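Colleague: This is structure_15.txt, which holds compact mmCIF, C-alpha atoms and all ligand atoms:
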# COMPACT_ATOMS: atom_id res chain seq x y z
CA MET A 298 58.86 122.15 147.25
CA GLU A 299 61.51 124.84 147.45
CA ASN A 300 63.00 126.14 144.27
CA LYS A 301 66.30 127.97 143.82
CA SER A 302 68.41 129.41 140.99
CA ILE A 303 72.03 130.46 140.53
CA ASN A 304 72.46 133.80 138.82
CA LEU A 305 75.36 135.80 137.42
CA LYS A 306 75.67 138.65 139.88
CA LYS A 307 78.84 140.24 138.50
CA ARG A 308 80.96 139.63 135.41
CA PRO A 309 84.19 138.05 136.74
CA GLU A 310 87.41 140.00 136.45
CA GLY A 311 90.21 137.51 136.02
CA LYS A 312 89.55 134.21 137.74
CA PRO A 313 85.86 133.82 138.70
CA SER A 314 85.06 133.90 142.40
CA LEU A 315 82.07 132.73 144.43
CA THR A 316 80.95 136.34 144.92
CA ASP A 317 80.27 136.59 141.16
CA PHE A 318 77.30 134.25 141.69
CA GLU A 319 74.03 134.73 143.57
CA PHE A 320 71.55 132.16 144.83
CA ARG A 321 67.92 133.19 144.65
CA GLU A 322 64.73 131.64 145.98
CA GLU A 323 62.33 130.96 143.12
CA GLU A 324 58.63 130.16 142.87
CA MET A 325 57.81 126.62 141.76
CA PRO A 326 57.13 126.94 138.03
CA GLU A 327 53.64 126.64 136.66
CA VAL A 328 53.33 123.83 134.10
CA LYS A 329 51.21 124.90 131.15
CA GLN A 330 49.57 122.65 128.59
CA GLY A 331 52.32 121.23 126.30
CA GLU A 332 55.00 121.67 128.99
CA ILE A 333 56.90 119.43 131.41
CA LEU A 334 58.16 120.03 134.94
CA LEU A 335 61.83 119.15 135.32
CA LYS A 336 63.92 118.40 138.38
CA THR A 337 67.67 118.97 137.87
CA VAL A 338 69.70 115.83 138.56
CA TYR A 339 73.20 116.34 137.07
CA VAL A 340 74.82 119.60 135.95
CA SER A 341 77.80 119.87 133.60
CA VAL A 342 80.24 122.67 134.38
CA ASP A 343 82.50 123.61 131.48
CA PRO A 344 85.40 125.99 130.82
CA TYR A 345 83.57 127.69 127.90
CA LEU A 346 80.99 129.07 130.34
CA ARG A 347 83.70 131.56 131.39
CA GLY A 348 83.48 133.11 127.91
CA ARG A 349 79.72 133.52 128.23
CA MET A 350 80.27 135.51 131.43
CA ARG A 351 81.95 138.29 129.41
CA ASP A 352 79.75 140.88 127.75
CA GLU A 353 81.25 140.13 124.35
CA LYS A 354 79.97 139.04 120.98
CA SER A 355 80.86 135.40 120.43
CA TYR A 356 79.50 132.25 118.82
CA ILE A 357 77.01 132.03 121.68
CA GLU A 358 75.03 134.69 123.59
CA PRO A 359 76.62 136.08 126.77
CA PHE A 360 74.84 135.37 130.06
CA GLY A 361 72.66 138.22 131.27
CA LEU A 362 73.47 139.88 134.57
CA ASN A 363 71.14 138.83 137.39
CA GLU A 364 69.80 136.02 135.27
CA PRO A 365 70.21 132.27 135.85
CA LEU A 366 73.21 130.63 134.22
CA GLU A 367 72.74 127.57 132.06
CA SER A 368 74.72 124.54 130.89
CA GLY A 369 74.25 120.95 129.83
CA ILE A 370 71.92 119.34 132.37
CA ILE A 371 70.29 115.98 132.97
CA ALA A 372 66.83 116.36 134.48
CA GLU A 373 63.97 114.10 135.53
CA VAL A 374 60.44 114.68 134.30
CA LEU A 375 58.32 115.19 137.43
CA GLU A 376 55.10 116.07 135.67
CA SER A 377 54.11 116.07 132.02
CA LYS A 378 51.45 117.97 130.11
CA ASN A 379 53.23 117.08 126.85
CA SER A 380 52.38 113.77 125.20
CA ASN A 381 56.01 113.31 124.04
CA PHE A 382 57.30 112.97 127.61
CA ARG A 383 56.40 110.69 130.49
CA LYS A 384 56.87 111.09 134.23
CA GLU A 385 60.24 109.74 135.51
CA GLU A 386 61.91 109.94 132.11
CA LEU A 387 65.38 111.51 132.03
CA VAL A 388 66.16 114.23 129.52
CA THR A 389 69.27 116.20 128.66
CA GLY A 390 69.91 119.57 127.02
CA MET A 391 70.80 123.18 127.77
CA LEU A 392 68.86 124.09 130.90
CA LYS A 393 69.00 126.76 133.60
CA TRP A 394 70.86 126.41 136.87
CA LYS A 395 67.58 125.95 138.79
CA LEU A 396 66.42 123.10 141.02
CA PHE A 397 63.10 122.96 139.16
CA GLN A 398 62.03 124.47 135.83
CA SER A 399 59.34 124.01 133.26
CA ALA A 400 60.15 123.42 129.60
CA THR A 401 58.40 122.78 126.32
CA GLY A 402 60.75 119.88 125.52
CA ALA A 403 62.27 121.67 122.51
CA GLY A 404 66.00 120.95 122.28
CA LEU A 405 65.83 118.19 124.90
CA ASN A 406 66.88 114.61 124.22
CA LYS A 407 65.66 111.59 126.15
CA ILE A 408 68.21 109.42 127.94
CA ASP A 409 67.90 105.67 127.94
CA LYS A 410 68.78 104.77 131.55
CA ASN A 411 69.43 101.15 130.50
CA LEU A 412 72.05 102.08 127.89
CA ALA A 413 74.73 103.56 130.16
CA PRO A 414 75.01 105.54 133.41
CA PRO A 415 73.27 108.86 132.64
CA THR A 416 76.35 111.01 133.38
CA VAL A 417 78.14 109.68 130.28
CA PHE A 418 75.70 111.77 128.23
CA LEU A 419 77.37 114.88 129.68
CA GLY A 420 80.87 113.53 129.04
CA VAL A 421 82.21 110.78 126.85
CA LEU A 422 78.92 110.41 124.89
CA GLY A 423 78.05 114.09 125.33
CA LEU A 424 79.52 117.35 124.04
CA THR A 425 83.05 116.79 125.34
CA GLY A 426 83.41 113.33 123.79
CA ILE A 427 81.88 114.56 120.54
CA THR A 428 84.28 117.55 120.53
CA ALA A 429 87.31 115.28 120.88
CA PHE A 430 86.02 112.96 118.16
CA LEU A 431 85.10 115.62 115.61
CA GLY A 432 88.17 117.79 116.27
CA LEU A 433 90.40 114.83 115.49
CA GLU A 434 88.34 113.57 112.56
CA LYS A 435 87.63 116.86 110.83
CA ILE A 436 90.83 118.80 111.49
CA GLY A 437 93.45 116.41 112.87
CA LYS A 438 92.81 113.63 110.34
CA ILE A 439 95.24 111.41 112.25
CA LYS A 440 96.71 108.39 110.52
CA ALA A 441 98.21 105.22 111.98
CA GLY A 442 101.86 105.65 112.94
CA GLU A 443 101.64 109.40 113.51
CA THR A 444 102.38 111.14 116.81
CA LEU A 445 99.50 112.88 118.57
CA LEU A 446 100.21 115.37 121.36
CA VAL A 447 97.25 116.38 123.58
CA SER A 448 97.12 119.15 126.20
CA GLY A 449 94.54 119.23 128.97
CA ALA A 450 94.98 115.51 128.45
CA ALA A 451 93.42 114.29 131.71
CA GLY A 452 90.29 116.39 131.21
CA ALA A 453 86.99 115.48 129.60
CA VAL A 454 87.92 116.33 126.00
CA GLY A 455 91.64 115.51 126.26
CA SER A 456 91.21 112.03 127.72
CA VAL A 457 88.91 111.02 124.85
CA ALA A 458 91.16 112.63 122.19
CA GLY A 459 94.21 110.73 123.48
CA GLN A 460 92.43 107.40 123.61
CA MET A 461 91.13 107.94 120.12
CA GLY A 462 94.73 108.41 119.01
CA LYS A 463 95.58 105.01 120.53
CA ILE A 464 92.58 103.39 118.83
CA LYS A 465 93.95 104.76 115.53
CA ASN A 466 97.40 103.27 116.30
CA CYS A 467 99.24 106.52 116.90
CA ARG A 468 101.92 107.34 119.44
CA VAL A 469 100.09 109.50 122.00
CA VAL A 470 101.69 111.88 124.48
CA GLY A 471 99.63 113.89 126.95
CA ILE A 472 100.29 117.10 128.87
CA ALA A 473 98.60 117.63 132.25
CA GLY A 474 99.13 119.44 135.52
CA SER A 475 99.90 116.88 138.25
CA GLU A 476 101.80 113.65 138.82
CA GLU A 477 98.55 111.90 139.70
CA LYS A 478 97.14 112.87 136.30
CA ILE A 479 100.34 111.79 134.52
CA GLU A 480 100.01 108.33 136.09
CA LYS A 481 96.33 108.18 135.19
CA LEU A 482 97.02 109.06 131.55
CA LYS A 483 99.41 106.16 131.21
CA LYS A 484 97.58 103.62 133.39
CA ASP A 485 93.87 104.27 132.73
CA PHE A 486 93.90 105.92 129.32
CA GLY A 487 96.78 104.07 127.64
CA PHE A 488 98.86 107.13 126.67
CA ASP A 489 102.42 106.17 125.66
CA ASP A 490 103.91 108.96 127.71
CA ALA A 491 102.91 112.13 129.52
CA ILE A 492 104.40 115.42 130.68
CA ASN A 493 103.61 117.45 133.80
CA TYR A 494 103.67 121.06 132.57
CA ASN A 495 103.79 122.36 136.13
CA THR A 496 107.11 120.68 136.92
CA SER A 497 108.76 120.40 133.50
CA PRO A 498 111.93 122.53 133.52
CA ASN A 499 111.80 122.90 129.73
CA LEU A 500 108.54 121.99 128.05
CA LYS A 501 109.80 122.40 124.46
CA LYS A 502 112.69 120.03 125.16
CA GLU A 503 110.57 117.51 127.02
CA ILE A 504 108.05 117.38 124.16
CA ARG A 505 110.96 116.79 121.76
CA GLU A 506 112.28 113.94 123.95
CA LYS A 507 108.89 112.27 124.36
CA CYS A 508 107.94 112.68 120.71
CA PRO A 509 111.18 111.51 119.06
CA SER A 510 109.62 111.50 115.58
CA GLY A 511 108.18 114.99 116.12
CA VAL A 512 104.49 115.89 116.52
CA ASP A 513 102.13 115.31 113.59
CA VAL A 514 98.91 116.42 115.29
CA TYR A 515 98.57 118.66 118.33
CA PHE A 516 95.14 118.68 120.00
CA ASP A 517 95.20 121.91 121.98
CA ASN A 518 92.84 122.42 124.91
CA VAL A 519 94.83 125.07 126.74
CA GLY A 520 96.60 127.55 124.41
CA GLY A 521 99.24 129.99 125.73
CA ASP A 522 102.76 128.85 126.64
CA ILE A 523 101.93 125.18 126.11
CA LEU A 524 100.79 125.87 122.54
CA ASP A 525 104.02 127.80 121.93
CA ALA A 526 106.08 124.85 123.18
CA ALA A 527 104.10 122.40 121.04
CA LEU A 528 104.35 124.47 117.84
CA VAL A 529 108.14 124.31 117.64
CA ASN A 530 107.90 120.51 117.72
CA LEU A 531 105.43 120.17 114.83
CA ASN A 532 106.47 118.15 111.80
CA LYS A 533 106.12 119.20 108.18
CA PHE A 534 102.39 119.16 107.30
CA GLY A 535 101.53 119.05 111.02
CA ARG A 536 97.97 119.88 112.11
CA VAL A 537 97.02 121.93 115.17
CA ILE A 538 93.47 121.56 116.44
CA ASN A 539 92.61 124.69 118.43
CA CYS A 540 89.86 123.24 120.58
CA GLY A 541 90.27 125.39 123.69
CA ALA A 542 92.54 127.92 125.37
CA ILE A 543 91.71 127.62 129.06
CA SER A 544 95.06 129.11 130.09
CA LEU A 545 93.88 132.42 128.59
CA TYR A 546 90.20 132.45 129.60
CA ASN A 547 90.77 134.50 132.77
CA ASN A 548 93.19 136.99 131.20
CA THR A 549 92.19 140.60 131.57
CA GLU A 550 94.42 141.72 128.68
CA VAL A 551 95.05 140.22 125.26
CA ALA A 552 98.04 137.86 125.58
CA VAL A 553 101.00 138.45 123.29
CA GLY A 554 103.14 135.43 122.56
CA PRO A 555 105.72 134.25 120.06
CA ARG A 556 104.66 134.99 116.51
CA PRO A 557 104.04 131.56 114.97
CA GLU A 558 103.65 132.53 111.29
CA GLY A 559 107.27 131.70 110.32
CA LEU A 560 106.95 128.22 111.81
CA LEU A 561 103.59 127.62 110.17
CA ILE A 562 104.88 128.65 106.74
CA LYS A 563 108.19 126.80 106.97
CA ASN A 564 106.51 123.56 108.00
CA SER A 565 103.26 123.88 106.01
CA ILE A 566 101.31 123.54 109.24
CA LEU A 567 97.52 123.75 109.37
CA MET A 568 96.19 125.45 112.51
CA GLN A 569 92.41 125.51 112.80
CA GLY A 570 89.99 126.53 115.48
CA PHE A 571 86.48 125.14 115.69
CA THR A 572 83.40 125.02 117.85
CA VAL A 573 81.78 121.64 118.01
CA ARG A 574 78.49 123.12 116.86
CA ASP A 575 80.10 123.72 113.44
CA TYR A 576 79.54 120.00 112.90
CA LEU A 577 76.00 119.52 114.27
CA LYS A 578 75.05 117.17 111.45
CA ASP A 579 77.94 114.84 112.41
CA PHE A 580 76.87 114.42 116.05
CA GLY A 581 74.88 111.22 115.37
CA PRO A 582 77.71 109.27 113.71
CA ALA A 583 80.16 110.57 116.34
CA ILE A 584 77.96 109.30 119.21
CA ASN A 585 77.49 105.96 117.45
CA GLN A 586 81.23 105.43 117.09
CA LEU A 587 82.00 106.58 120.65
CA SER A 588 79.26 104.25 122.04
CA LYS A 589 80.68 101.37 120.04
CA TRP A 590 84.19 101.94 121.43
CA LEU A 591 82.73 102.29 124.93
CA ASN A 592 80.85 98.99 124.62
CA GLU A 593 83.91 97.25 123.20
CA GLY A 594 85.95 98.43 126.19
CA LYS A 595 88.26 100.47 123.94
CA LEU A 596 87.31 103.75 125.57
CA ASN A 597 87.69 104.48 129.25
CA TYR A 598 86.33 107.58 130.97
CA ALA A 599 86.73 109.44 134.23
CA GLU A 600 84.31 111.69 136.06
CA THR A 601 84.72 114.00 139.02
CA ILE A 602 81.29 114.18 140.60
CA VAL A 603 80.73 116.95 143.14
CA ASP A 604 77.71 116.76 145.43
CA GLY A 605 75.07 119.45 145.84
CA PHE A 606 73.37 122.20 143.82
CA ASP A 607 75.03 124.86 145.99
CA ASN A 608 78.47 123.64 144.87
CA ILE A 609 77.91 124.33 141.16
CA PRO A 610 79.82 127.67 141.16
CA LYS A 611 82.73 126.16 143.10
CA ALA A 612 82.93 123.13 140.80
CA PHE A 613 83.05 125.53 137.85
CA ILE A 614 85.84 127.60 139.44
CA ASP A 615 87.77 124.42 140.30
CA LEU A 616 88.14 123.65 136.57
CA PHE A 617 90.68 126.49 136.44
CA GLU A 618 92.68 124.83 139.20
CA GLY A 619 92.67 121.41 137.59
CA LYS A 620 90.69 119.83 140.44
CA ASN A 621 88.85 117.53 138.01
CA LYS A 622 89.91 114.31 136.39
CA GLY A 623 87.81 113.67 133.32
CA LYS A 624 84.38 115.28 133.20
CA MET A 625 83.44 117.66 136.02
CA ILE A 626 79.79 117.11 136.97
CA VAL A 627 77.63 118.25 139.88
CA LYS A 628 75.09 115.80 141.29
CA VAL A 629 72.11 117.67 142.69
N1 LIG B 701 85.84 123.94 120.59
C1 LIG B 701 84.81 123.41 121.20
O1 LIG B 701 83.71 123.24 120.67
C2 LIG B 701 84.97 122.94 122.63
C3 LIG B 701 84.03 122.10 123.24
C4 LIG B 701 84.26 121.66 124.55
C5 LIG B 701 85.40 122.11 125.22
N2 LIG B 701 86.26 122.96 124.60
C6 LIG B 701 87.48 123.42 125.25
O2 LIG B 701 88.29 122.28 125.47
C7 LIG B 701 89.06 122.48 126.65
C8 LIG B 701 88.82 121.30 127.60
O3 LIG B 701 87.48 121.33 128.04
P1 LIG B 701 86.94 120.23 129.05
O4 LIG B 701 85.49 120.44 129.20
O5 LIG B 701 87.46 118.92 128.64
O6 LIG B 701 87.65 120.68 130.41
P2 LIG B 701 88.62 119.78 131.27
O7 LIG B 701 89.87 119.58 130.46
O8 LIG B 701 87.90 118.60 131.77
O9 LIG B 701 88.93 120.72 132.52
C9 LIG B 701 89.75 121.80 132.43
C10 LIG B 701 91.24 121.39 132.66
O10 LIG B 701 92.08 122.42 132.16
C11 LIG B 701 93.32 122.37 132.80
N3 LIG B 701 93.77 123.75 133.07
C12 LIG B 701 93.17 124.67 133.84
N4 LIG B 701 93.88 125.82 133.84
C13 LIG B 701 94.96 125.60 133.04
C14 LIG B 701 96.09 126.39 132.64
N5 LIG B 701 96.23 127.66 133.04
N6 LIG B 701 97.01 125.83 131.82
C15 LIG B 701 96.89 124.56 131.39
N7 LIG B 701 95.84 123.75 131.74
C16 LIG B 701 94.91 124.28 132.54
C17 LIG B 701 93.12 121.61 134.11
O11 LIG B 701 93.88 120.41 134.05
P3 LIG B 701 95.41 120.36 134.54
O12 LIG B 701 95.39 119.83 135.93
O13 LIG B 701 96.04 119.44 133.56
O14 LIG B 701 95.94 121.76 134.49
C18 LIG B 701 91.62 121.31 134.14
O15 LIG B 701 91.34 120.06 134.71
C19 LIG B 701 88.64 123.81 127.23
O16 LIG B 701 89.56 124.80 126.82
C20 LIG B 701 87.29 124.05 126.61
O17 LIG B 701 86.96 125.40 126.54
C21 LIG B 701 86.08 123.37 123.32
The structure in this file should be written as structure tokens.
Modeller:
Amino acid sequence: MENKSINLKKRPEGKPSLTDFEFREEEMPEVKQGEILLKTVYVSVDPYLRGRMRDEKSYIEPFGLNEPLESGIIAEVLESKNSNFRKEELVTGMLKWKLFQSATGAGLNKIDKNLAPPTVFLGVLGLTGITAFLGLEKIGKIKAGETLLVSGAAGAVGSVAGQMGKIKNCRVVGIAGSEEKIEKLKKDFGFDDAINYNTSPNLKKEIREKCPSGVDVYFDNVGGDILDAALVNLNKFGRVINCGAISLYNNTEVAVGPRPEGLLIKNSILMQGFTVRDYLKDFGPAINQLSKWLNEGKLNYAETIVDGFDNIPKAFIDLFEGKNKGKMIVKV
């Protein structure tokens, strides 16, 4: 069998390009006693990987140059010399961008193929769903009757956050980048209204019109100008959940925007960033609740599944062009 890896050849400057990545032939791994041989089946590509491509101190180690990248992966056990795993089982966890790799099993979770299609464990029942759930629960603390505004609303995190707002009987307005996504938010995800930030002539005004009682909770996936437009529409005691800032991830200089402190003070607004790993001990209950909603038909999800190991870098880059609806996944 032929093995291959995808390595970080160059740290991207600005938007990542295909030339930042390098494919390399690899030996088939040797499987030692206590190890398993894994075949990559589905690969999650995520905006935060862009941060790991910078040589900067962060909450997670940067990727090494000329080393394989890694992300959330679903893999099949091809061979097992570890009594905890059986051939043909599916596992998920942080794994390398390689066709085949050996592992000890540490940090890997088994997937029950009969419970749900395996890809949901990279999306709605995986890190992105959990992020939406815990961001809203721990920071947003939304209450029935409040207005929730969500940016990046048609993406993996945003689509779950918005639906959760509807489950909690809030008015939910989404912001996304195309008419097709605006329609999807209203039709498939039950948002009350939605705004296309690419065509809106005045985003601040449009948020005000679509959130007539003001915004109580803003779930921010994108940062930048959209955050600025949302902030001026926040109600007294509003909460801003800083989940992501994809609009800034490719900046080569620190962005300078409006200074929000006056607004925050005047309106007693809470603005809090988080990384989902801050709440590791809450993952179990979050997954249980999300699974329950999924089974009850209260939660819908979308996936954009791209075919082929060689398309992993392109699928990752396409996140910055909004080519995905829901979770972006590569099927190997
Ligand atoms: N805090 C945490 O622990 C945590 C965990 C997971 C994810 N995140 C963050 O949450 C955000 C969403 O992640 P995800 O995995 O669900 O990705 P996603 O929303 O499924 O995909 C990214 C989306 O971002 C939008 N986008 C790209 N460039 C943009 C720009 N310049 N301005 C506005 N929107 C832009 C695109 O949609 P449009 O077509 O609408 O532009 C694209 O589809 C990311 O910022 C990510 O880093 C944080």
Colleague: Might I get the box with edges along x, y and z of the file that holds all atoms of ligand LIG 701 (chain B) listed there, padded by 3 Å on every side, given as centre and edge lengths in Å to one decimal, as lines of an AutoDock Vina configuration file?
Modeller:
center_x = 90.4
center_y = 123.1
center_z = 128.3
size_x = 19.3
size_y = 15.1
size_z = 21.3
Colleague: Considering only C-alpha atoms and all ligand atoms, state which residue in the set A:Asn381, A:Asn363, A:Asn493, A:Asn518 is at the smallest distance from ligand LIG 701 (chain B).
Modeller: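 Going through A:Asn381, A:Asn363, A:Asn493, A:Asn518 one by one, the smallest distance to ligand LIG 701 (chain B) is for A:Asn518.
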Colleague: Which one of A:Lys481, A:Lys407, A:Arg468, A:Lys507 sits closest to ligand LIG 701 (chain B) if you count all atoms listed in the file?
Modeller: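 Using all atoms listed in the file, the shortest distance to ligand LIG 701 (chain B) belongs to A:Lys481.
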Colleague: Between CA of Ala527 (chain A) and CA of Val512 (chain A), what is the distance in Å, rounded to a tenth?
Modeller: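 Pair CA of Ala527 (chain A) / CA of Val512 (chain A) returns 7.9 Å.
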Colleague: At a cut-off of 6 Å from (77.4, 138.9, 142.1) in the coordinates of the file, what residues are picked up using all atoms listed in the file, written as an MDAnalysis selection string?
Modeller: chainID A and resid 305:307 316:319
Colleague: Using all atoms listed in the file, which residues of region 300-414 of chain A come within 12 Å of region 451-457 of chain A, and what is the closest atom pair for each, with the distance in Å to one decimal? Give it as a tab-separated table, sorted by chain and residue number.
Modeller:
residue	atom	partner	partner_atom	distance
A:Ser341	CA	A:Ala453	CA	10.9
A:Val342	CA	A:Ala453	CA	11.0
A:Asp343	CA	A:Ala453	CA	9.5
A:Pro344	CA	A:Ala453	CA	10.7
Colleague: Can you tell me which residues sit at most 8 Å away from ligand LIG 701 (chain B), counting all atoms listed in the file, written as number ranges by chain?
Modeller: A: 342-346, 424-425, 428-429, 432, 448-456, 472-475, 478, 493-494, 517-521, 523, 539-545, 570-574, 615-625
Colleague: Could you jot down the CA of Gly442 (chain A) to CA of Gln460 (chain A) separation for me, Å, one decimal place?
Modeller: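 Separation between CA of Gly442 (chain A) and CA of Gln460 (chain A): 14.3 Å.
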Colleague: Would you kindly return, as an mmCIF file with C-alpha atoms, keeping the file's coordinate frame, each protein, DNA or RNA residue with an atom no farther than 10 Å from any atom of Ser588 (chain A), considering all atoms listed in the file and excluding same-chain residues fewer than 5 positions away?
Modeller:
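Saved file result-v5.cif follows:
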data_model
loop_
_atom_site.group_PDB
_atom_site.id
_atom_site.type_symbol
_atom_site.label_atom_id
_atom_site.label_comp_id
_atom_site.auth_asym_id
_atom_site.auth_seq_id
_atom_site.Cartn_x
_atom_site.Cartn_y
_atom_site.Cartn_z
ATOM 1 C CA LEU A 412 72.050 102.080 127.890
ATOM 2 C CA ALA A 413 74.730 103.560 130.160
ATOM 3 C CA VAL A 417 78.140 109.680 130.280
ATOM 4 C CA VAL A 421 82.210 110.780 126.850
ATOM 5 C CA LEU A 422 78.920 110.410 124.890
ATOM 6 C CA PRO A 582 77.710 109.270 113.710
ATOM 7 C CA ALA A 583 80.160 110.570 116.340
ATOM 8 C CA GLU A 593 83.910 97.250 123.200
ATOM 9 C CA GLY A 594 85.950 98.430 126.190
ATOM 10 C CA LYS A 595 88.260 100.470 123.940
ATOM 11 C CA LEU A 596 87.310 103.750 125.570
#
Colleague: In Å to one decimal, how far is CA of Lys465 (chain A) from CA of Gln569 (chain A)?
Modeller: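 CA of Lys465 (chain A) lies 21.0 Å from CA of Gln569 (chain A).
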Colleague: Phe534 (chain A): which residues within 12 Å, counting all atoms listed in the file, same-chain residues fewer than 3 positions away excluded, as a short mmCIF file (atom, residue, chain, number, x, y, z; two decimals) with C-alpha atoms, keeping the file's coordinate frame?
Modeller:
data_model
loop_
_atom_site.label_atom_id
_atom_site.label_comp_id
_atom_site.auth_asym_id
_atom_site.auth_seq_id
_atom_site.Cartn_x
_atom_site.Cartn_y
_atom_site.Cartn_z
CA GLY A 437 93.45 116.41 112.87
CA LYS A 438 92.81 113.63 110.34
CA ILE A 439 95.24 111.41 112.25
CA GLU A 443 101.64 109.40 113.51
CA GLY A 511 108.18 114.99 116.12
CA VAL A 512 104.49 115.89 116.52
CA ASP A 513 102.13 115.31 113.59
CA VAL A 514 98.91 116.42 115.29
CA TYR A 515 98.57 118.66 118.33
CA LEU A 528 104.35 124.47 117.84
CA ASN A 530 107.90 120.51 117.72
CA LEU A 531 105.43 120.17 114.83
CA VAL A 537 97.02 121.93 115.17
CA LEU A 560 106.95 128.22 111.81
CA LEU A 561 103.59 127.62 110.17
CA ILE A 562 104.88 128.65 106.74
CA LYS A 563 108.19 126.80 106.97
CA ASN A 564 106.51 123.56 108.00
CA SER A 565 103.26 123.88 106.01
CA ILE A 566 101.31 123.54 109.24
CA LEU A 567 97.52 123.75 109.37
CA MET A 568 96.19 125.45 112.51
#
Colleague: Smallest atom-to-atom distance to Arg347 (chain A): which of A:Leu433, A:Leu366, A:Ile371, A:Ala458, using all atoms listed in the file?
Modeller: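 Of the candidates, the smallest distance to Arg347 (chain A) is held by A:Leu366.
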Colleague: Using only C-alpha atoms, tabulate the residues of region 507-616 of chain A lying at most 12 Å from any atom of region 394-399 of chain A, each with its closest atom pair and that distance in Å to one decimal, by chain and increasing residue number, as CSV.
Modeller:
residue,atom,partner,partner_atom,distance
A:Gly605,CA,A:Leu396,CA,10.6
A:Phe606,CA,A:Leu396,CA,7.5
A:Asp607,CA,A:Leu396,CA,10.1
A:Asn608,CA,A:Trp394,CA,11.4
A:Ile609,CA,A:Trp394,CA,8.5
A:Pro610,CA,A:Trp394,CA,10.0
Colleague: Which residues come within 9 Å of region 326-335 of chain A, counting all atoms listed in the file, excluding same-chain residues fewer than 3 positions away, as number ranges by chain?
Modeller: A: 300, 323, 372-380, 382-384, 388, 396-402
Colleague: Using only C-alpha atoms, pick whichever of A:Asn499, A:Ile504, A:Gly348, A:Gly459 has the shortest atom-to-atom distance to Lys312 (chain A).
Modeller: A:Gly348
Colleague: Taking into account all atoms listed in the file, which residue in the set A:Pro415, A:Gly423, A:Gly487, A:Gly535 is nearest to Ile436 (chain A)?
Modeller: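 Looking only at the distances to Ile436 (chain A), the closest residue turns out to be A:Gly535.
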Colleague: Near Asp490 (chain A), within 8 Å and counting all atoms listed in the file, which residues show up once chain neighbours fewer than 3 positions away are dropped, as a PyMOL selection string?
Modeller: chain A and resi 469-471+482-483+507
Colleague: Between A:Ala526, A:Phe516, A:Arg351, A:Phe418, which has the minimum distance to Pro309 (chain A) (counting only C-alpha atoms)?
Modeller: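 Nearest to Pro309 (chain A): A:Arg351.
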